$ cat final-v8.pdb   # PDB, C-alpha atoms
ATOM      1  CA  MET F   1      12.397  84.965  26.019
ATOM      2  CA  LYS F   2      12.000  84.888  29.758
ATOM      3  CA  ARG F   3       9.210  83.400  31.812
ATOM      4  CA  TYR F   4       8.687  84.368  35.425
ATOM      5  CA  SER F   5       6.321  82.584  37.738
ATOM      6  CA  ARG F   6       5.387  82.816  41.391
ATOM      7  CA  HIS F   7       4.419  80.109  43.842
ATOM      8  CA  ARG F   8       3.117  81.029  47.265
ATOM      9  CA  ALA F   9       3.995  79.012  50.329
ATOM     10  CA  ARG F  10       4.303  79.162  54.076
ATOM     11  CA  LEU F  11       7.646  78.849  55.752
ATOM     12  CA  ARG F  12       8.337  78.165  59.408
ATOM     13  CA  ALA F  13      11.052  80.553  60.524
ATOM     14  CA  GLN F  14      13.687  79.760  63.130
ATOM     15  CA  ASP F  15      11.511  81.327  65.848
ATOM     16  CA  ASN F  16       8.682  78.864  64.940
ATOM     17  CA  HIS F  17       6.706  81.746  63.457
ATOM     18  CA  VAL F  18       5.044  80.909  60.115
ATOM     19  CA  VAL F  19       5.543  83.491  57.365
ATOM     20  CA  GLU F  20       4.035  83.774  53.902
ATOM     21  CA  ILE F  21       6.625  83.667  51.140
ATOM     22  CA  SER F  22       6.610  83.791  47.379
ATOM     23  CA  LEU F  23       9.016  81.717  45.328
ATOM     24  CA  PHE F  24       9.756  83.250  41.946
ATOM     25  CA  SER F  25      11.462  81.378  39.159
ATOM     26  CA  ALA F  26      12.876  82.589  35.871
ATOM     27  CA  VAL F  27      13.201  80.348  32.837
ATOM     28  CA  GLY F  28      14.831  81.542  29.644
ATOM     29  CA  ALA F  29      14.136  80.100  26.225
ATOM     30  CA  THR F  30      16.286  80.604  23.163
ATOM     31  CA  THR F  31      14.809  81.254  19.738
ATOM     32  CA  GLU F  32      15.567  77.592  18.994
ATOM     33  CA  GLY F  33      13.329  76.519  21.892
ATOM     34  CA  ASN F  34      16.029  75.485  24.383
ATOM     35  CA  LYS F  35      15.011  76.306  27.952
ATOM     36  CA  HIS F  36      17.346  77.292  30.784
ATOM     37  CA  THR F  37      16.591  77.909  34.447
ATOM     38  CA  LEU F  38      17.972  81.355  35.211
ATOM     39  CA  GLY F  39      17.239  81.606  38.888
ATOM     40  CA  PHE F  40      14.976  81.368  41.911
ATOM     41  CA  TRP F  41      14.122  84.090  44.387
ATOM     42  CA  ILE F  42      12.299  83.829  47.706
ATOM     43  CA  TYR F  43      10.511  86.926  48.889
ATOM     44  CA  LYS F  44       8.551  87.677  52.041
ATOM     45  CA  GLY F  45       5.632  90.035  51.511
ATOM     46  CA  ASN F  46       4.449  91.678  48.322
ATOM     47  CA  GLU F  47       6.815  92.176  45.429
ATOM     48  CA  SER F  48       7.736  95.721  44.426
ATOM     49  CA  ASN F  49       9.821  97.741  41.994
ATOM     50  CA  GLY F  50      12.794  97.352  44.337
ATOM     51  CA  PHE F  51      12.502  93.577  44.385
ATOM     52  CA  TRP F  52      12.196  93.326  40.606
ATOM     53  CA  THR F  53      15.072  95.753  40.078
ATOM     54  CA  LYS F  54      17.334  93.494  42.185
ATOM     55  CA  VAL F  55      16.193  90.402  40.260
ATOM     56  CA  PHE F  56      16.841  91.942  36.849
ATOM     57  CA  GLN F  57      20.145  93.493  37.918
ATOM     58  CA  GLN F  58      21.312  90.047  39.069
ATOM     59  CA  LEU F  59      20.384  88.641  35.666
ATOM     60  CA  ILE F  60      22.182  91.476  33.866
ATOM     61  CA  THR F  61      25.276  90.853  36.004
ATOM     62  CA  ARG F  62      25.124  87.199  34.968
ATOM     63  CA  GLY F  63      25.009  88.145  31.270
ATOM     64  CA  VAL F  64      21.297  88.279  30.434
ATOM     65  CA  ASN F  65      21.431  91.481  28.410
ATOM     66  CA  ARG F  66      19.201  91.051  25.372
ATOM     67  CA  VAL F  67      15.698  89.702  25.806
ATOM     68  CA  LEU F  68      13.065  89.718  23.068
ATOM     69  CA  LEU F  69      10.101  89.000  25.288
ATOM     70  CA  PHE F  70       9.231  88.616  28.951
ATOM     71  CA  VAL F  71       6.245  86.413  29.811
ATOM     72  CA  THR F  72       5.054  87.128  33.351
ATOM     73  CA  GLY F  73       2.090  87.501  35.598
ATOM     74  CA  ASN F  74       0.989  91.051  36.233
ATOM     75  CA  PHE F  75       3.237  91.294  39.289
ATOM     76  CA  SER F  76       3.374  94.640  41.043
ATOM     77  CA  GLY F  77       6.171  96.784  39.618
ATOM     78  CA  ILE F  78       7.483  94.332  37.037
ATOM     79  CA  SER F  79       6.291  96.239  33.950
ATOM     80  CA  ASP F  80       8.046  99.425  35.033
ATOM     81  CA  VAL F  81      11.321  97.628  35.717
ATOM     82  CA  ILE F  82      11.208  95.792  32.374
ATOM     83  CA  LYS F  83      10.680  99.121  30.564
ATOM     84  CA  LYS F  84      13.564 100.687  32.487
ATOM     85  CA  LEU F  85      16.169  97.907  32.253
ATOM     86  CA  TYR F  86      15.111  96.231  28.992
ATOM     87  CA  PRO F  87      13.525  99.093  27.009
ATOM     88  CA  TYR F  88      13.516  97.195  23.697
ATOM     89  CA  SER F  89      11.874  94.046  25.077
ATOM     90  CA  ASP F  90       8.215  93.156  24.761
ATOM     91  CA  HIS F  91       6.187  92.112  27.790
ATOM     92  CA  GLN F  92       3.518  89.417  27.428
ATOM     93  CA  LEU F  93       1.152  88.951  30.366
ATOM     94  CA  CYS F  94       0.350  85.352  31.156
ATOM     95  CA  HIS F  95      -2.946  83.984  29.866
ATOM     96  CA  VAL F  96      -3.038  81.395  32.659
ATOM     97  CA  HIS F  97      -3.215  84.223  35.202
ATOM     98  CA  LEU F  98      -5.848  85.917  33.058
ATOM     99  CA  VAL F  99      -8.059  82.813  33.218
ATOM    100  CA  ARG F 100      -7.496  82.393  36.960
ATOM    101  CA  ASN F 101      -8.642  85.970  37.525
ATOM    102  CA  LEU F 102     -11.753  85.381  35.436
ATOM    103  CA  VAL F 103     -12.674  82.291  37.471
ATOM    104  CA  ARG F 104     -11.970  84.068  40.748
ATOM    105  CA  ASN F 105     -13.866  87.279  39.920
ATOM    106  CA  LEU F 106     -16.811  86.305  37.719
ATOM    107  CA  THR F 107     -19.840  84.075  38.195
ATOM    108  CA  LYS F 108     -19.428  80.507  36.907
ATOM    109  CA  LYS F 109     -21.591  81.134  33.854
ATOM    110  CA  THR F 110     -19.844  84.358  32.879
ATOM    111  CA  ALA F 111     -16.394  82.917  33.602
ATOM    112  CA  SER F 112     -17.179  79.942  31.366
ATOM    113  CA  GLN F 113     -18.114  82.278  28.491
ATOM    114  CA  ALA F 114     -15.003  84.364  29.085
ATOM    115  CA  ILE F 115     -12.738  81.316  29.130
ATOM    116  CA  GLN F 116     -14.118  80.209  25.752
ATOM    117  CA  ILE F 117     -13.154  83.597  24.356
ATOM    118  CA  THR F 118      -9.622  83.325  25.799
ATOM    119  CA  LYS F 119      -9.240  80.059  23.871
ATOM    120  CA  LEU F 120     -10.258  81.868  20.687
ATOM    121  CA  ILE F 121      -7.698  84.577  21.453
ATOM    122  CA  LYS F 122      -4.908  82.016  21.852
ATOM    123  CA  ASN F 123      -5.822  80.152  18.650
ATOM    124  CA  ALA F 124      -6.434  83.138  16.368
ATOM    125  CA  ARG F 125      -3.445  84.702  14.671
ATOM    126  CA  GLU F 126      -4.793  87.667  12.735
ATOM    127  CA  GLN F 127      -4.467  90.839  14.768
ATOM    128  CA  THR F 128      -7.940  92.144  13.939
ATOM    129  CA  GLU F 129      -9.505  88.805  14.878
ATOM    130  CA  VAL F 130      -7.621  88.647  18.199
ATOM    131  CA  GLU F 131      -8.502  92.245  19.041
ATOM    132  CA  THR F 132     -12.180  91.554  18.307
ATOM    133  CA  TYR F 133     -12.120  88.586  20.684
ATOM    134  CA  PHE F 134     -10.271  90.590  23.330
ATOM    135  CA  ASN F 135     -12.877  93.354  23.119
ATOM    136  CA  GLN F 136     -15.634  90.740  23.479
ATOM    137  CA  LEU F 137     -13.874  89.413  26.569
ATOM    138  CA  CYS F 138     -13.774  92.902  28.087
ATOM    139  CA  GLU F 139     -17.464  93.456  27.263
ATOM    140  CA  ILE F 140     -18.401  90.265  29.120
ATOM    141  CA  MET F 141     -16.377  91.375  32.151
ATOM    142  CA  GLN F 142     -17.844  94.873  31.970
ATOM    143  CA  LYS F 143     -21.322  93.537  32.738
ATOM    144  CA  GLU F 144     -20.257  92.003  36.063
ATOM    145  CA  LYS F 145     -16.969  93.604  37.055
ATOM    146  CA  PRO F 146     -16.345  96.969  35.359
ATOM    147  CA  PRO F 147     -13.062  97.555  37.258
ATOM    148  CA  LEU F 148     -11.723  94.190  36.075
ATOM    149  CA  ALA F 149     -12.669  94.987  32.486
ATOM    150  CA  GLU F 150     -10.913  98.338  32.762
ATOM    151  CA  LEU F 151      -7.767  96.663  34.122
ATOM    152  CA  TYR F 152      -7.667  94.257  31.185
ATOM    153  CA  ARG F 153      -8.213  97.092  28.703
ATOM    154  CA  LYS F 154      -5.318  98.966  30.326
ATOM    155  CA  PHE F 155      -2.975  96.006  29.737
ATOM    156  CA  LYS F 156      -4.366  94.963  26.348
ATOM    157  CA  ASP F 157      -1.024  95.450  24.563
ATOM    158  CA  ASN F 158       0.667  93.205  27.132
ATOM    159  CA  TYR F 159      -1.923  90.440  26.771
ATOM    160  CA  LEU F 160      -1.592  90.585  22.983
ATOM    161  CA  ALA F 161       2.198  91.050  22.684
ATOM    162  CA  PHE F 162       2.483  87.561  21.134
ATOM    163  CA  LEU F 163       0.945  89.004  17.954
ATOM    164  CA  LYS F 164       4.233  90.782  17.165
ATOM    165  CA  TYR F 165       5.897  87.439  16.526
ATOM    166  CA  PRO F 166       5.533  84.926  13.680
ATOM    167  CA  LYS F 167       2.735  82.398  14.049
ATOM    168  CA  ALA F 168       5.102  79.527  14.928
ATOM    169  CA  SER F 169       6.813  81.643  17.594
ATOM    170  CA  SER F 170       3.603  82.999  19.084
ATOM    171  CA  LYS F 171       2.344  79.459  19.657
ATOM    172  CA  PHE F 172       5.588  78.697  21.509
ATOM    173  CA  ILE F 173       5.235  81.924  23.512
ATOM    174  CA  LEU F 174       1.765  80.969  24.686
ATOM    175  CA  GLU F 175       3.061  77.515  25.670
ATOM    176  CA  LEU F 176       5.614  79.172  27.988
ATOM    177  CA  GLU F 177       2.798  80.337  30.231
TER     178      GLU F 177
END

$ encode --input "final-v8.pdb" --output "structure tokens"
Amino acid sequence: MKRYSRHRARLRAQDNHVVEISLFSAVGATTEGNKHTLGFWIYKGNESNGFWTKVFQQLITRGVNRVLLFVTGNFSGISDVIKKLYPYSDHQLCHVHLVRNLVRNLTKKTASQAIQITKLIKNAREQTEVETYFNQLCEIMQKEKPPLAELYRKFKDNYLAFLKYPKASSKFILELE
């Protein structure tokens, strides 16, 4: 399993000009639960398919060939590159990012309701139960932010990829986030 995360920062360049950068990190976890730092990448601007292709090709060159599951934010272009370079891997979108987007895009009251449902999603393990909660989450978003609800519906399989794994593993997967 691989976990990718991004941290934004400002960097003063040699010409004293301040630029926005993103620092990406990749952490791998074995099926036994051992974690390994796989790399760090600094990127100026918005990530893209080209950036992610370079990242994954570097990992492949270093021997990272078989991955069961990637856990990432919904970074631009990453899903396409995972499908292309690791076609048999699953892709779980990070629930932490999901919650952050709810807080950022919904009113406090609605976000609070939505966050309670995300907790139910993470704790439930039966697929029908999780899908019911996920649909409730989308219905809550639909009332305030229809485009946001549509985005989450589009990536439903990625938010619920943990369901493909045994209960003990899916709990570990959600802790990677």

$ resolve_selection --input "final-v8.pdb" --expression "the PyMOL selection byres ((chain F and resi 146-157) around 9)" --output "PyMOL selection string"
chain F and resi 91-93+98+101-102+105+131+134-135+137-145+158-161

$ atom_distance --input "final-v8.pdb" --atom1 "atom CA of F:Val55" --atom2 "atom CA of F:Trp41"
7.8 Å

$ axis_aligned_box --input "final-v8.pdb" --around "stretch 153-162 of chain F" --padding-each-side "5 Å" --output "AutoDock Vina command-line options"
--center_x -2.9 --center_y 93.3 --center_z 25.7 --size_x 20.7 --size_y 21.4 --size_z 19.2

$ atom_distance --input "final-v8.pdb" --atom1 "atom CA of F:Lys84" --atom2 "atom CA of F:Leu163"
22.5 Å

$ atom_distance --input "final-v8.pdb" --atom1 "atom CA of F:Ser79" --atom2 "atom CA of F:Thr53"
10.7 Å

$ build_atoms --input "final-v8.pdb" --residues "stretch 107-127 of chain F" --atoms "N, CA, C and O atoms" --output "CSV table (one decimal), in the coordinates of the input"
chain,number,residue,atom,x,y,z
F,107,THR,N,-19.0,85.2,37.9
F,107,THR,CA,-19.8,84.1,38.2
F,107,THR,C,-19.4,82.9,37.3
F,107,THR,O,-18.8,83.1,36.3
F,108,LYS,N,-19.8,81.7,37.7
F,108,LYS,CA,-19.4,80.5,36.9
F,108,LYS,C,-19.8,80.6,35.4
F,108,LYS,O,-19.1,80.3,34.5
F,109,LYS,N,-21.1,81.0,35.2
F,109,LYS,CA,-21.6,81.1,33.9
F,109,LYS,C,-20.8,82.1,33.0
F,109,LYS,O,-20.4,81.9,31.9
F,110,THR,N,-20.6,83.3,33.6
F,110,THR,CA,-19.8,84.4,32.9
F,110,THR,C,-18.4,84.0,32.7
F,110,THR,O,-17.8,84.2,31.6
F,111,ALA,N,-17.8,83.4,33.7
F,111,ALA,CA,-16.4,82.9,33.6
F,111,ALA,C,-16.3,81.9,32.5
F,111,ALA,O,-15.3,81.9,31.7
F,112,SER,N,-17.2,81.0,32.4
F,112,SER,CA,-17.2,79.9,31.4
F,112,SER,C,-17.2,80.6,30.0
F,112,SER,O,-16.4,80.2,29.1
F,113,GLN,N,-18.1,81.6,29.8
F,113,GLN,CA,-18.1,82.3,28.5
F,113,GLN,C,-16.8,83.0,28.2
F,113,GLN,O,-16.3,82.9,27.1
F,114,ALA,N,-16.3,83.6,29.2
F,114,ALA,CA,-15.0,84.4,29.1
F,114,ALA,C,-13.8,83.4,28.7
F,114,ALA,O,-13.0,83.7,27.9
F,115,ILE,N,-13.8,82.3,29.4
F,115,ILE,CA,-12.7,81.3,29.1
F,115,ILE,C,-12.8,80.8,27.7
F,115,ILE,O,-11.8,80.6,27.0
F,116,GLN,N,-14.0,80.6,27.2
F,116,GLN,CA,-14.1,80.2,25.8
F,116,GLN,C,-13.5,81.3,24.8
F,116,GLN,O,-12.9,80.9,23.8
F,117,ILE,N,-13.7,82.5,25.2
F,117,ILE,CA,-13.2,83.6,24.4
F,117,ILE,C,-11.6,83.6,24.5
F,117,ILE,O,-10.9,83.9,23.5
F,118,THR,N,-11.1,83.3,25.7
F,118,THR,CA,-9.6,83.3,25.8
F,118,THR,C,-9.0,82.2,24.9
F,118,THR,O,-7.9,82.4,24.4
F,119,LYS,N,-9.7,81.1,24.8
F,119,LYS,CA,-9.2,80.1,23.9
F,119,LYS,C,-9.2,80.5,22.4
F,119,LYS,O,-8.3,80.2,21.7
F,120,LEU,N,-10.2,81.3,22.0
F,120,LEU,CA,-10.3,81.9,20.7
F,120,LEU,C,-9.1,82.8,20.5
F,120,LEU,O,-8.5,82.9,19.4
F,121,ILE,N,-8.8,83.6,21.5
F,121,ILE,CA,-7.7,84.6,21.5
F,121,ILE,C,-6.4,83.8,21.2
F,121,ILE,O,-5.6,84.2,20.4
F,122,LYS,N,-6.2,82.8,22.0
F,122,LYS,CA,-4.9,82.0,21.9
F,122,LYS,C,-4.8,81.3,20.5
F,122,LYS,O,-3.7,81.1,20.0
F,123,ASN,N,-5.9,80.9,19.9
F,123,ASN,CA,-5.8,80.2,18.6
F,123,ASN,C,-5.9,81.0,17.4
F,123,ASN,O,-5.4,80.6,16.3
F,124,ALA,N,-6.4,82.2,17.5
F,124,ALA,CA,-6.4,83.1,16.4
F,124,ALA,C,-5.1,83.8,16.2
F,124,ALA,O,-4.3,83.9,17.1
F,125,ARG,N,-4.8,84.1,14.9
F,125,ARG,CA,-3.4,84.7,14.7
F,125,ARG,C,-3.5,86.0,13.9
F,125,ARG,O,-2.5,86.7,13.8
F,126,GLU,N,-4.7,86.4,13.4
F,126,GLU,CA,-4.8,87.7,12.7
F,126,GLU,C,-5.1,88.7,13.8
F,126,GLU,O,-5.9,88.5,14.7
F,127,GLN,N,-4.4,89.8,13.7
F,127,GLN,CA,-4.5,90.8,14.8
F,127,GLN,C,-5.9,91.4,14.9
F,127,GLN,O,-6.4,91.5,16.0
